[in-house]
$ cat query_17.cif   # mmCIF, C-alpha atoms
data_entry
loop_
_atom_site.group_PDB
_atom_site.id
_atom_site.type_symbol
_atom_site.label_atom_id
_atom_site.label_comp_id
_atom_site.auth_asym_id
_atom_site.auth_seq_id
_atom_site.Cartn_x
_atom_site.Cartn_y
_atom_site.Cartn_z
ATOM 1 C CA MET A 1 -8.297 -5.277 0.206
ATOM 2 C CA ASN A 2 -8.047 -5.854 3.930
ATOM 3 C CA LYS A 3 -6.486 -2.794 5.617
ATOM 4 C CA ASN A 4 -5.222 -4.895 8.546
ATOM 5 C CA PHE A 5 -3.412 -7.191 6.110
ATOM 6 C CA ILE A 6 -1.659 -4.210 4.518
ATOM 7 C CA THR A 7 -0.783 -2.653 7.880
ATOM 8 C CA ASN A 8 0.623 -5.941 9.176
ATOM 9 C CA LEU A 9 2.695 -6.486 6.037
ATOM 10 C CA TYR A 10 4.095 -2.951 6.223
ATOM 11 C CA PHE A 11 4.895 -3.316 9.941
ATOM 12 C CA ASP A 12 6.616 -6.618 9.134
ATOM 13 C CA TYR A 13 9.004 -5.000 6.641
ATOM 14 C CA LEU A 14 9.266 -1.188 6.739
ATOM 15 C CA PRO A 15 10.964 -0.905 10.152
ATOM 16 C CA TYR A 16 13.684 -3.323 9.022
ATOM 17 C CA PHE A 17 14.314 -1.475 5.766
ATOM 18 C CA TYR A 18 14.309 1.817 7.681
ATOM 19 C CA ASN A 19 16.830 0.530 10.225
ATOM 20 C CA GLU A 20 18.821 -1.233 7.499
ATOM 21 C CA THR A 21 18.538 -4.604 9.245
ATOM 22 C CA LEU A 22 16.920 -6.304 6.251
ATOM 23 C CA SER A 23 18.401 -6.533 2.798
ATOM 24 C CA LEU A 24 16.669 -4.561 0.092
ATOM 25 C CA ASP A 25 16.813 -7.724 -2.000
ATOM 26 C CA GLU A 26 13.692 -8.708 -0.041
ATOM 27 C CA LEU A 27 11.765 -5.981 -1.888
ATOM 28 C CA GLU A 28 12.384 -7.739 -5.202
ATOM 29 C CA LEU A 29 12.568 -4.408 -7.009
ATOM 30 C CA ASP A 30 13.182 -6.262 -10.261
ATOM 31 C CA LYS A 31 9.564 -7.521 -10.146
ATOM 32 C CA ASP A 32 6.637 -5.208 -10.800
ATOM 33 C CA TYR A 33 4.148 -6.307 -8.156
ATOM 34 C CA ARG A 34 1.617 -3.710 -9.276
ATOM 35 C CA LEU A 35 1.573 -5.338 -12.727
ATOM 36 C CA LEU A 36 1.433 -8.841 -11.230
ATOM 37 C CA ALA A 37 -1.510 -7.777 -9.033
ATOM 38 C CA GLN A 38 -3.306 -6.443 -12.101
ATOM 39 C CA GLU A 39 -2.772 -9.730 -13.935
ATOM 40 C CA ILE A 40 -4.161 -11.649 -10.961
ATOM 41 C CA TYR A 41 -7.131 -9.294 -10.814
ATOM 42 C CA GLU A 42 -7.884 -10.065 -14.463
ATOM 43 C CA SER A 43 -7.606 -13.798 -13.740
ATOM 44 C CA LYS A 44 -10.050 -13.363 -10.855
ATOM 45 C CA GLN A 45 -12.509 -11.609 -13.154
ATOM 46 C CA GLN A 46 -12.275 -14.427 -15.709
ATOM 47 C CA LEU A 47 -12.775 -17.014 -12.991
ATOM 48 C CA LEU A 48 -15.808 -15.152 -11.619
ATOM 49 C CA HIS A 49 -17.280 -15.077 -15.111
ATOM 50 C CA ARG A 50 -16.729 -18.847 -15.415
ATOM 51 C CA MET A 51 -18.341 -19.374 -12.022
ATOM 52 C CA GLN A 52 -21.397 -17.379 -13.080
ATOM 53 C CA ASN A 53 -21.582 -19.476 -16.242
ATOM 54 C CA TYR A 54 -21.390 -22.703 -14.245
ATOM 55 C CA HIS A 55 -24.002 -21.438 -11.807
ATOM 56 C CA SER A 56 -26.435 -20.543 -14.602
ATOM 57 C CA LYS A 57 -26.013 -24.050 -16.044
ATOM 58 C CA LYS A 58 -26.373 -25.588 -12.573
ATOM 59 C CA ILE A 59 -22.868 -27.059 -12.706
ATOM 60 C CA GLY A 60 -20.913 -27.503 -9.469
ATOM 61 C CA GLN A 61 -18.275 -24.848 -8.855
ATOM 62 C CA SER A 62 -16.695 -25.666 -5.504
ATOM 63 C CA HIS A 63 -13.363 -26.435 -7.187
ATOM 64 C CA LEU A 64 -13.435 -22.912 -8.651
ATOM 65 C CA SER A 65 -14.204 -21.372 -5.257
ATOM 66 C CA HIS A 66 -10.945 -22.782 -3.906
ATOM 67 C CA GLU A 67 -9.049 -21.288 -6.843
ATOM 68 C CA LEU A 68 -10.771 -17.923 -6.276
ATOM 69 C CA THR A 69 -9.687 -17.942 -2.626
ATOM 70 C CA LYS A 70 -6.059 -18.472 -3.677
ATOM 71 C CA LEU A 71 -6.282 -15.699 -6.268
ATOM 72 C CA ASN A 72 -7.846 -13.309 -3.730
ATOM 73 C CA PHE A 73 -4.974 -13.879 -1.319
ATOM 74 C CA LEU A 74 -2.330 -13.443 -4.033
ATOM 75 C CA HIS A 75 -3.994 -10.290 -5.311
ATOM 76 C CA GLN A 76 -4.065 -8.823 -1.819
ATOM 77 C CA GLU A 77 -0.436 -9.751 -1.152
ATOM 78 C CA TYR A 78 0.897 -8.502 -4.502
ATOM 79 C CA SER A 79 -1.085 -5.254 -4.252
ATOM 80 C CA ALA A 80 0.310 -4.550 -0.781
ATOM 81 C CA TRP A 81 3.813 -5.492 -1.890
ATOM 82 C CA GLY A 82 3.472 -3.153 -4.883
ATOM 83 C CA GLY A 83 2.628 -0.321 -2.493
ATOM 84 C CA LEU A 84 5.672 -1.128 -0.401
ATOM 85 C CA GLN A 85 7.885 -1.065 -3.501
ATOM 86 C CA THR A 86 6.392 2.244 -4.653
ATOM 87 C CA PHE A 87 6.904 3.807 -1.226
ATOM 88 C CA TYR A 88 10.502 2.638 -1.074
ATOM 89 C CA LYS A 89 11.342 3.860 -4.594
ATOM 90 C CA ASN A 90 9.896 7.307 -3.850
ATOM 91 C CA ASN A 91 11.666 7.628 -0.490
ATOM 92 C CA LYS A 92 14.959 5.753 -0.817
ATOM 93 C CA ASP A 93 16.942 9.014 -0.829
ATOM 94 C CA THR A 94 14.888 10.822 1.811
ATOM 95 C CA PHE A 95 12.933 8.964 4.477
ATOM 96 C CA PHE A 96 15.135 5.870 4.342
ATOM 97 C CA LYS A 97 18.185 8.128 4.766
ATOM 98 C CA LYS A 98 16.589 9.465 7.973
ATOM 99 C CA SER A 99 15.297 12.672 6.363
ATOM 100 C CA ASN A 100 12.086 14.146 7.771
ATOM 101 C CA SER A 101 10.476 14.137 4.317
ATOM 102 C CA VAL A 102 8.027 11.458 3.172
ATOM 103 C CA ASP A 103 6.654 11.240 -0.370
ATOM 104 C CA LEU A 104 3.317 9.449 -0.779
ATOM 105 C CA HIS A 105 3.111 9.914 -4.576
ATOM 106 C CA GLY A 106 2.013 6.806 -6.420
ATOM 107 C CA LEU A 107 0.359 5.110 -3.466
ATOM 108 C CA TYR A 108 -3.259 4.031 -3.594
ATOM 109 C CA SER A 109 -5.519 5.581 -0.968
ATOM 110 C CA LYS A 110 -5.899 2.207 0.789
ATOM 111 C CA GLU A 111 -2.093 2.124 1.282
ATOM 112 C CA VAL A 112 -1.664 5.651 2.650
ATOM 113 C CA GLY A 113 -3.096 5.023 6.154
ATOM 114 C CA PRO A 114 -1.070 1.862 6.798
ATOM 115 C CA ILE A 115 2.111 3.549 5.513
ATOM 116 C CA LEU A 116 1.483 6.542 7.788
ATOM 117 C CA GLU A 117 0.895 4.211 10.757
ATOM 118 C CA VAL A 118 4.344 2.727 10.263
ATOM 119 C CA ILE A 119 5.977 6.112 9.605
ATOM 120 C CA PHE A 120 4.647 7.508 12.876
ATOM 121 C CA TYR A 121 5.876 4.390 14.651
ATOM 122 C CA LEU A 122 9.371 4.870 13.204
ATOM 123 C CA SER A 123 9.798 8.627 13.319
ATOM 124 C CA LYS A 124 8.423 11.169 15.738
ATOM 125 C CA ASP A 125 10.279 14.054 14.089
ATOM 126 C CA LYS A 126 8.530 16.978 12.460
ATOM 127 C CA LEU A 127 7.679 15.287 9.220
ATOM 128 C CA HIS A 128 6.994 16.851 5.858
ATOM 129 C CA ILE A 129 4.447 14.635 4.106
ATOM 130 C CA ILE A 130 4.261 15.215 0.351
ATOM 131 C CA THR A 131 0.994 14.140 -1.239
ATOM 132 C CA GLY A 132 1.268 15.526 -4.753
ATOM 133 C CA LYS A 133 -0.712 18.112 -6.677
ATOM 134 C CA GLY A 134 -4.331 18.863 -6.026
ATOM 135 C CA ASN A 135 -6.748 17.520 -3.456
ATOM 136 C CA GLY A 136 -6.812 13.920 -4.659
ATOM 137 C CA THR A 137 -7.320 10.784 -2.639
ATOM 138 C CA VAL A 138 -3.772 10.677 -1.212
ATOM 139 C CA TYR A 139 -4.165 14.261 0.015
ATOM 140 C CA LYS A 140 -7.607 13.577 1.512
ATOM 141 C CA THR A 141 -6.547 10.306 3.130
ATOM 142 C CA THR A 142 -3.481 11.967 4.673
ATOM 143 C CA LYS A 143 -5.543 14.901 5.948
ATOM 144 C CA ASN A 144 -8.150 12.554 7.472
ATOM 145 C CA PHE A 145 -5.404 10.453 9.063
ATOM 146 C CA LEU A 146 -3.809 13.509 10.726
ATOM 147 C CA GLU A 147 -7.092 15.059 11.838
ATOM 148 C CA LYS A 148 -8.409 11.793 13.261
ATOM 149 C CA ARG A 149 -5.298 11.593 15.449
ATOM 150 C CA LYS A 150 -5.428 15.309 16.282
ATOM 151 C CA ILE A 151 -1.956 15.867 14.818
ATOM 152 C CA LYS A 152 -1.322 19.540 14.159
ATOM 153 C CA TYR A 153 0.027 20.561 10.784
ATOM 154 C CA SER A 154 0.332 23.388 8.322
ATOM 155 C CA LEU A 155 0.092 23.124 4.538
ATOM 156 C CA SER A 156 2.559 24.369 1.968
ATOM 157 C CA ASN A 157 2.320 23.300 -1.703
ATOM 158 C CA ASN A 158 0.415 20.118 -0.824
ATOM 159 C CA THR A 159 3.000 19.207 1.779
ATOM 160 C CA PHE A 160 1.742 18.595 5.291
ATOM 161 C CA ILE A 161 4.276 20.043 7.710
ATOM 162 C CA LEU A 162 3.752 18.563 11.141
ATOM 163 C CA LYS A 163 4.125 20.760 14.211
#
$ encode --input "query_17.cif" --output "structure tokens"
Amino acid sequence: MNKNFITNLYFDYLPYFYNETLSLDELELDKDYRLLAQEIYESKQQLLHRMQNYHSKKIGQSHLSHELTKLNFLHQEYSAWGGLQTFYKNNKDTFFKKSNSVDLHGLYSKEVGPILEVIFYLSKDKLHIITGKGNGTVYKTTKNFLEKRKIKYSLSNNTFILK
């Protein structure tokens, strides 16, 4: 998934949800975009299998390439939207209520950096970034993000406390 696509999507929406200038109806919380992205991924896999079959039989497949392009875009969009929904659900009573606490549980590693980019754009306060138990990918991605930007922090129970 294209990191710039995710970052742009999050910058297009998160500030407006944070500032309450965009209705939460836009998040379509009644739809499970993670599940929809998974279904599209499975469709992509089936289509790729068909394309390989056509190729081995020397049958033209340009019409399938167009369909694959559409599925790739939808998969990318639904995956990013699923991350946005997950972030909102985990932070609706904290970060979106102007608390200095941010919970990154449930995000995929590819979503953590773009979410943090937007968070640092919105809030310069001393944040507490919760990554969950252990040293998993969310923890590592958050740590790399902070160190790359030379942001000082301390750790307490897998919570990065910014100084």
$ closest_atom_pairs --input "query_17.cif" --of "segment 130-157 of chain A" --to "segment 90-104 of chain A" --cutoff "8 Å" --atoms "only C-alpha atoms" --output "tab-separated table"
residue	atom	partner	partner_atom	distance
A:Ile130	CA	A:Asp103	CA	4.7
A:Thr131	CA	A:Leu104	CA	5.3
A:Gly132	CA	A:Leu104	CA	7.5
A:Val138	CA	A:Leu104	CA	7.2
$ write_last_selection --input "query_17.cif" --atoms "C-alpha atoms" --output "mmCIF file, keeping the file's coordinate frame"
data_model
loop_
_atom_site.group_PDB
_atom_site.id
_atom_site.type_symbol
_atom_site.label_atom_id
_atom_site.label_comp_id
_atom_site.auth_asym_id
_atom_site.auth_seq_id
_atom_site.Cartn_x
_atom_site.Cartn_y
_atom_site.Cartn_z
ATOM 1 C CA ILE A 130 4.261 15.215 0.351
ATOM 2 C CA THR A 131 0.994 14.140 -1.239
ATOM 3 C CA GLY A 132 1.268 15.526 -4.753
ATOM 4 C CA VAL A 138 -3.772 10.677 -1.212
#
$ closest_residue --input "query_17.cif" --among "A:Leu22, A:Leu14, A:Ala37, A:Leu27" --to "Glu117 of chain A" --atoms "all atoms listed in the file"
A:Leu14
$ atom_distance --input "query_17.cif" --atom1 "atom CA of Lys31 of chain A" --atom2 "atom CA of Ser123 of chain A"
28.5 Å
$ closest_residue --input "query_17.cif" --among "A:Ile129, A:Leu24, A:Ile161, A:Leu9" --to "Lys89 of chain A" --atoms "only C-alpha atoms"
A:Leu24
$ residues_near_point --input "query_17.cif" --point "(-4.3, -9.0, -12.4)" --cutoff "12 Å" --atoms "all atoms listed in the file" --output "JSON, numbers by chain"
{"A": [32, 33, 34, 35, 36, 37, 38, 39, 40, 41, 42, 43, 44, 45, 46, 47, 71, 72, 74, 75, 76, 77, 78, 79]}
$ residues_around --input "query_17.cif" --residues "Phe145 of chain A" --least-positions-apart "4" --cutoff "10 Å" --atoms "all atoms listed in the file" --output "ChimeraX atom specification"
/A:112-114,116-117,139-141,149-151
$ closest_residue --input "query_17.cif" --among "A:Ala80, A:Ile115, A:Leu48, A:Leu64" --to "Phe5 of chain A" --atoms "only C-alpha atoms"
A:Ala80
$ residues_around --input "query_17.cif" --residues "Gln61 of chain A" --least-positions-apart "4" --cutoff "7 Å" --atoms "only C-alpha atoms" --output "number ranges by chain"
A: 51, 54, 65
$ closest_residue --input "query_17.cif" --among "A:Phe160, A:Tyr153, A:Trp81, A:Tyr108" --to "Tyr13 of chain A" --atoms "only C-alpha atoms"
A:Trp81
$ atom_distance --input "query_17.cif" --atom1 "atom CA of Ile119 of chain A" --atom2 "atom CA of Pro15 of chain A"
8.6 Å
$ closest_residue --input "query_17.cif" --among "A:Glu147, A:Leu127, A:Ile59, A:Gly83" --to "Lys163 of chain A" --atoms "only C-alpha atoms"
A:Leu127
$ atom_distance --input "query_17.cif" --atom1 "atom CA of Asn144 of chain A" --atom2 "atom CA of Tyr18 of chain A"
24.9 Å
$ axis_aligned_box --input "query_17.cif" --around "segment 118-132 of chain A" --padding-each-side "3 Å" --output "JSON"
{"center_x": 5.6, "center_y": 9.9, "center_z": 5.5, "size_x": 15.3, "size_y": 20.3, "size_z": 26.5}
$ closest_residue --input "query_17.cif" --among "A:Lys126, A:Leu107, A:Gln85, A:His63" --to "Asp25 of chain A" --atoms "all atoms listed in the file"
A:Gln85
